[in-house]
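Below is query_18.txt, which holds compact mmCIF, C-alpha atoms and all ligand atoms.
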# COMPACT_ATOMS: atom_id res chain seq x y z
CA LYS L 1 8.61 0.33 55.41
CA LEU L 2 9.83 1.15 58.90
CA PRO L 3 13.56 1.67 59.47
CA GLN L 4 15.16 -1.31 61.13
CA VAL L 5 17.31 -1.05 64.25
CA VAL L 6 19.19 -4.12 65.42
CA ILE L 7 20.23 -4.54 69.07
CA ILE L 8 23.67 -6.11 69.45
CA GLY L 9 25.90 -7.00 72.38
CA ARG L 10 27.31 -9.81 74.43
CA PRO L 11 25.03 -11.90 76.66
CA ASN L 12 23.47 -10.34 79.76
CA VAL L 13 24.03 -6.67 78.95
CA GLY L 14 20.28 -6.10 78.72
CA LYS L 15 19.50 -6.34 75.00
CA SER L 16 16.18 -8.09 75.53
CA THR L 17 15.22 -5.73 78.34
CA LEU L 18 15.92 -2.80 76.04
CA PHE L 19 13.97 -4.49 73.26
CA ASN L 20 11.01 -4.94 75.61
CA ARG L 21 11.30 -1.34 76.72
CA LEU L 22 11.23 -0.11 73.13
CA VAL L 23 8.59 -2.51 71.84
CA GLY L 24 6.48 -2.28 74.96
CA LYS L 25 5.34 -5.88 74.83
CA ARG L 26 6.87 -9.00 76.25
CA LEU L 27 8.07 -10.25 72.91
CA ALA L 28 11.63 -10.97 73.91
CA LEU L 29 12.55 -13.51 76.54
CA VAL L 30 14.54 -11.98 79.38
CA ASP L 31 16.44 -14.12 81.82
CA ASP L 32 19.32 -13.83 84.27
CA GLN L 33 21.10 -16.62 82.48
CA PRO L 34 23.11 -15.69 79.44
CA GLY L 35 22.15 -17.29 76.21
CA VAL L 36 18.41 -17.21 76.67
CA THR L 37 17.47 -15.33 73.54
CA ARG L 38 17.65 -18.08 70.97
CA ASP L 39 16.14 -16.37 68.00
CA ARG L 40 16.01 -12.98 66.53
CA ARG L 41 12.89 -11.22 67.72
CA MET L 42 11.38 -8.32 65.91
CA GLY L 43 8.83 -5.81 66.99
CA LYS L 44 7.49 -2.43 66.09
CA ALA L 45 9.14 0.00 68.45
CA GLY L 46 8.19 3.48 69.50
CA LEU L 47 10.59 5.96 71.00
CA LEU L 48 9.03 9.35 71.73
CA GLY L 49 6.99 9.11 68.55
CA LEU L 50 9.83 7.74 66.40
CA GLU L 51 8.76 4.40 64.95
CA PHE L 52 11.09 1.66 63.79
CA GLU L 53 11.37 -2.09 63.72
CA ALA L 54 13.58 -3.31 66.57
CA VAL L 55 15.50 -6.58 66.25
CA ASP L 56 16.67 -8.39 69.38
CA THR L 57 19.63 -10.66 68.65
CA ALA L 58 21.50 -13.45 70.34
CA GLY L 59 24.30 -13.66 67.83
CA TRP L 60 27.18 -13.38 70.29
CA GLU L 61 25.95 -15.86 72.86
CA ASN L 62 28.05 -18.92 73.70
CA GLU L 63 31.13 -17.09 74.86
CA ASP L 64 33.03 -20.36 75.10
CA ASP L 65 32.12 -21.44 71.62
CA ALA L 66 35.29 -21.85 69.61
CA SER L 67 33.35 -21.05 66.48
CA LEU L 68 32.44 -17.57 67.74
CA PRO L 69 34.51 -15.68 65.19
CA GLY L 70 32.78 -17.60 62.47
CA ARG L 71 29.29 -18.86 62.99
CA MET L 72 28.08 -16.45 65.69
CA ARG L 73 29.48 -13.48 63.88
CA ALA L 74 27.82 -14.64 60.69
CA GLN L 75 24.51 -14.77 62.52
CA THR L 76 24.90 -11.19 63.67
CA GLN L 77 25.99 -10.22 60.19
CA VAL L 78 22.68 -11.56 58.87
CA SER L 79 20.83 -9.39 61.41
CA LEU L 80 22.79 -6.36 60.29
CA LYS L 81 21.87 -6.88 56.66
CA GLY L 82 19.15 -4.42 55.83
CA ALA L 83 19.48 -2.70 59.21
CA ASP L 84 19.50 1.09 59.18
CA ALA L 85 21.26 1.37 62.52
CA ALA L 86 22.64 -0.79 65.31
CA LEU L 87 22.34 -0.29 69.04
CA PHE L 88 25.51 -1.73 70.56
CA VAL L 89 24.69 -2.40 74.19
CA ILE L 90 27.31 -2.67 76.91
CA ASP L 91 26.88 -3.14 80.67
CA SER L 92 28.17 0.03 82.30
CA ARG L 93 28.22 -1.70 85.71
CA THR L 94 30.59 -4.51 84.79
CA GLY L 95 32.57 -2.39 82.34
CA LEU L 96 34.06 -3.59 79.09
CA THR L 97 34.98 -7.22 78.58
CA PRO L 98 37.19 -8.71 75.85
CA LEU L 99 34.03 -9.81 74.05
CA ASP L 100 32.72 -6.21 74.10
CA GLU L 101 36.00 -5.11 72.54
CA GLU L 102 35.76 -7.83 69.94
CA ILE L 103 32.19 -6.94 69.01
CA GLY L 104 33.07 -3.26 69.00
CA GLN L 105 35.99 -3.78 66.67
CA TRP L 106 33.86 -5.91 64.40
CA LEU L 107 31.11 -3.27 64.37
CA ARG L 108 33.57 -0.55 63.41
CA GLU L 109 34.28 -2.52 60.25
CA GLN L 110 30.59 -2.67 59.30
CA GLU L 111 28.78 -0.10 57.24
CA VAL L 112 25.86 0.31 59.60
CA PRO L 113 25.79 3.39 61.85
CA VAL L 114 26.15 2.46 65.51
CA VAL L 115 24.77 3.99 68.67
CA LEU L 116 26.78 2.90 71.71
CA VAL L 117 24.33 2.23 74.53
CA ALA L 118 25.71 2.10 78.09
CA ASN L 119 22.98 0.17 79.86
CA LYS L 120 22.39 -0.40 83.59
CA ALA L 121 23.36 3.23 84.17
CA GLU L 122 20.77 3.96 86.85
CA GLY L 123 22.34 5.44 89.96
CA ASN L 124 26.10 5.97 90.03
CA ALA L 125 27.26 2.40 89.57
CA GLY L 126 27.79 2.81 85.85
CA GLU L 127 29.98 5.90 85.79
CA ALA L 128 33.34 4.16 85.32
CA GLY L 129 31.91 1.90 82.64
CA ILE L 130 30.44 4.85 80.77
CA LEU L 131 33.83 6.57 80.65
CA GLU L 132 35.62 3.35 79.77
CA CYS L 133 33.51 2.64 76.71
CA TYR L 134 34.65 5.81 74.92
CA SER L 135 37.74 3.69 74.17
CA LEU L 136 35.66 1.55 71.79
CA GLY L 137 35.94 4.29 69.20
CA LEU L 138 32.22 4.22 68.52
CA GLY L 139 31.47 7.73 69.63
CA GLU L 140 29.77 9.03 72.70
CA PRO L 141 27.97 6.40 74.76
CA VAL L 142 24.32 6.99 75.60
CA PRO L 143 23.73 6.06 79.24
CA VAL L 144 20.39 4.32 79.68
CA SER L 145 18.64 2.07 82.11
CA ALA L 146 16.51 -0.30 80.09
CA GLU L 147 15.07 -1.70 83.28
CA HIS L 148 14.06 1.65 84.73
CA GLY L 149 13.30 3.44 81.49
CA GLU L 150 15.98 6.09 81.90
CA GLY L 151 17.91 7.73 79.06
CA VAL L 152 15.13 7.21 76.54
CA ALA L 153 15.17 10.81 75.33
CA ASP L 154 18.95 10.70 74.81
CA LEU L 155 18.64 7.43 72.91
CA TYR L 156 16.05 9.07 70.72
CA SER L 157 18.36 12.03 70.07
CA ALA L 158 21.21 9.73 69.09
CA LEU L 159 19.10 7.52 66.86
CA ILE L 160 16.98 9.99 64.97
CA PRO L 161 19.78 11.49 62.80
CA LEU L 162 20.68 7.95 61.67
CA LEU L 163 17.22 6.95 60.45
P1 LIG L 201 20.56 -9.93 77.15
O1 LIG L 201 21.20 -11.27 77.40
O2 LIG L 201 21.56 -8.95 76.63
O3 LIG L 201 19.32 -10.00 76.31
O4 LIG L 201 20.15 -9.36 78.60
P2 LIG L 201 18.73 -9.39 79.32
O5 LIG L 201 17.83 -8.35 78.78
O6 LIG L 201 18.24 -10.80 79.35
O7 LIG L 201 19.13 -8.89 80.79
C1 LIG L 201 20.16 -9.54 81.52
C2 LIG L 201 20.04 -9.15 82.99
O8 LIG L 201 20.33 -7.75 83.15
C3 LIG L 201 18.63 -9.35 83.57
O9 LIG L 201 18.77 -9.80 84.90
C4 LIG L 201 18.04 -7.96 83.54
O10 LIG L 201 17.05 -7.78 84.52
C5 LIG L 201 19.26 -7.10 83.83
N1 LIG L 201 19.12 -5.72 83.32
C6 LIG L 201 18.69 -5.34 82.10
N2 LIG L 201 18.65 -3.99 81.99
C7 LIG L 201 19.07 -3.50 83.18
C8 LIG L 201 19.24 -2.16 83.71
O11 LIG L 201 18.98 -1.14 83.08
N3 LIG L 201 19.74 -2.08 84.98
C9 LIG L 201 20.03 -3.19 85.73
N4 LIG L 201 20.52 -2.98 86.97
N5 LIG L 201 19.85 -4.44 85.28
C10 LIG L 201 19.37 -4.61 84.03
MG MG L 202 18.43 -11.58 75.31
Can you present the structure in this file as structure tokens?
Amino acid sequence: KLPQVVIIGRPNVGKSTLFNRLVGKRLALVDDQPGVTRDRRMGKAGLLGLEFEAVDTAGWENEDDASLPGRMRAQTQVSLKGADAALFVIDSRTGLTPLDEEIGQWLREQEVPVVLVANKAEGNAGEAGILECYSLGLGEPVPVSAEHGEGVADLYSALIPLL
């Protein structure tokens, strides 16, 4: 059985783009609008020869949903069950939002090892966001650009000791 890696984060940070990058097929729906990924999507992922099952989630969509702390969290919790590691994706261009902090705090309470992924880090636009997300207390962020395929080797290095 392949190790399972679940991709978590608030809407629009690039979870589905990262999933597509890792899985290499258009299995996840990517859209500019938040809330597009309705289901969990799974796919066999390859990262520099490391194979795992990637899970794209939408568990923290509906930012306005009053039931977020309950139902949405429960959905993500289900995704985490049986996961060997989580990729917590933030948008290094917009920086941290309250929802990022909330998800980060929640993840710190889970048993699953977490790799903090600072996406959209192509160019210099993400530098402040990369520094800022050290404050999440989830270790060193791995800057990547899911869209441009940058940071893949560093993601591999961060993930491989966890699997
Ligand atoms: P999700 O809601 O977290 O699944 O995010 P998506 O994968 O649907 O991406 C949301 C938006 O961010 C889309 O417009 C993507 O094209 C864009 N995006 C994703 N990855 C990157 C990246 O590495 N750099 C930039 N600049 N944009 C990205
Ligand atoms: Mg998505």
Using the file's own x, y and z axes, what box holds all listed atoms of ligand LIG 201 (chain L) with 6 Å on each side, keeping edges along x, y and z, and what are its centre and edge lengths in Å to one decimal, as AutoDock Vina command-line options?
--center_x 19.3 --center_y -6.2 --center_z 81.6 --size_x 16.5 --size_y 22.1 --size_z 22.7
Using all atoms listed in the file, which residues sit within 9 Å of Phe52 in chain L once same-chain residues fewer than 4 positions away are excluded, as a VMD selection string?
-> chain L and resid 1 to 5 43 to 47 163
Please provide as an NGL selection string all residues within 10 Å of Ala85 in chain L, with the sequence filter that same-chain residues fewer than 6 positions apart are discarded (counting only C-alpha atoms).
-> :L and (3-7 or 54 or 111-115 or 159-160 or 162-163)
Now that the selection is made, can you save its residues with C-alpha atoms as a PDB file, in the coordinates of the input?
ATOM      1  CA  PRO L   3      13.560   1.670  59.470  1.00  0.00           C
ATOM      2  CA  GLN L   4      15.160  -1.310  61.130  1.00  0.00           C
ATOM      3  CA  VAL L   5      17.310  -1.050  64.250  1.00  0.00           C
ATOM      4  CA  VAL L   6      19.190  -4.120  65.420  1.00  0.00           C
ATOM      5  CA  ILE L   7      20.230  -4.540  69.070  1.00  0.00           C
ATOM      6  CA  ALA L  54      13.580  -3.310  66.570  1.00  0.00           C
ATOM      7  CA  GLU L 111      28.780  -0.100  57.240  1.00  0.00           C
ATOM      8  CA  VAL L 112      25.860   0.310  59.600  1.00  0.00           C
ATOM      9  CA  PRO L 113      25.790   3.390  61.850  1.00  0.00           C
ATOM     10  CA  VAL L 114      26.150   2.460  65.510  1.00  0.00           C
ATOM     11  CA  VAL L 115      24.770   3.990  68.670  1.00  0.00           C
ATOM     12  CA  LEU L 159      19.100   7.520  66.860  1.00  0.00           C
ATOM     13  CA  ILE L 160      16.980   9.990  64.970  1.00  0.00           C
ATOM     14  CA  LEU L 162      20.680   7.950  61.670  1.00  0.00           C
ATOM     15  CA  LEU L 163      17.220   6.950  60.450  1.00  0.00           C
TER      16      LEU L 163
END
Calculate how many Å separate atom N4 of ligand LIG 201 (chain L) from CA of Val23 in chain L, rounding to one decimal.
->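 Going from atom N4 of ligand LIG 201 (chain L) over to CA of Val23 in chain L covers 19.3 Å.
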So how many Å separate CA of Val78 in chain L and CA of Thr57 in chain L, to one decimal?
-> 10.3 Å
Just want the 7 Å neighbourhood of range 141-155 of chain L, counted on only C-alpha atoms, with same-chain residues fewer than 3 positions away dropped. Output as a PDB file with C-alpha atoms, keeping the file's coordinate frame.
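And here is the file that came out, out_31.pdb:
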ATOM      1  CA  THR L  17      15.220  -5.730  78.340  1.00  0.00           C
ATOM      2  CA  LEU L  18      15.920  -2.800  76.040  1.00  0.00           C
ATOM      3  CA  ARG L  21      11.300  -1.340  76.720  1.00  0.00           C
ATOM      4  CA  LEU L 116      26.780   2.900  71.710  1.00  0.00           C
ATOM      5  CA  VAL L 117      24.330   2.230  74.530  1.00  0.00           C
ATOM      6  CA  ALA L 118      25.710   2.100  78.090  1.00  0.00           C
ATOM      7  CA  ASN L 119      22.980   0.170  79.860  1.00  0.00           C
ATOM      8  CA  LYS L 120      22.390  -0.400  83.590  1.00  0.00           C
ATOM      9  CA  ALA L 121      23.360   3.230  84.170  1.00  0.00           C
ATOM     10  CA  GLU L 122      20.770   3.960  86.850  1.00  0.00           C
ATOM     11  CA  ILE L 130      30.440   4.850  80.770  1.00  0.00           C
ATOM     12  CA  CYS L 133      33.510   2.640  76.710  1.00  0.00           C
ATOM     13  CA  TYR L 134      34.650   5.810  74.920  1.00  0.00           C
ATOM     14  CA  ALA L 158      21.210   9.730  69.090  1.00  0.00           C
ATOM     15  CA  LEU L 159      19.100   7.520  66.860  1.00  0.00           C
TER      16      LEU L 159
END
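For the pair atom MG of ligand MG 202 (chain L) and CA of Gly82 in chain L, the separation is 20.8 Å.
Closest approach to ligand MG 202 (chain L) among L:Val13, L:Leu87, L:Ala125, L:Ile103 is made by L:Val13 (distances from all atoms listed in the file).
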Out of L:Ile90, L:Ile8, L:Leu50, L:Ala128, which residue has the shortest atom-to-atom distance to Trp106 in chain L when counting all atoms listed in the file?
->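 So, comparing all the options, the nearest one is L:Ile8.
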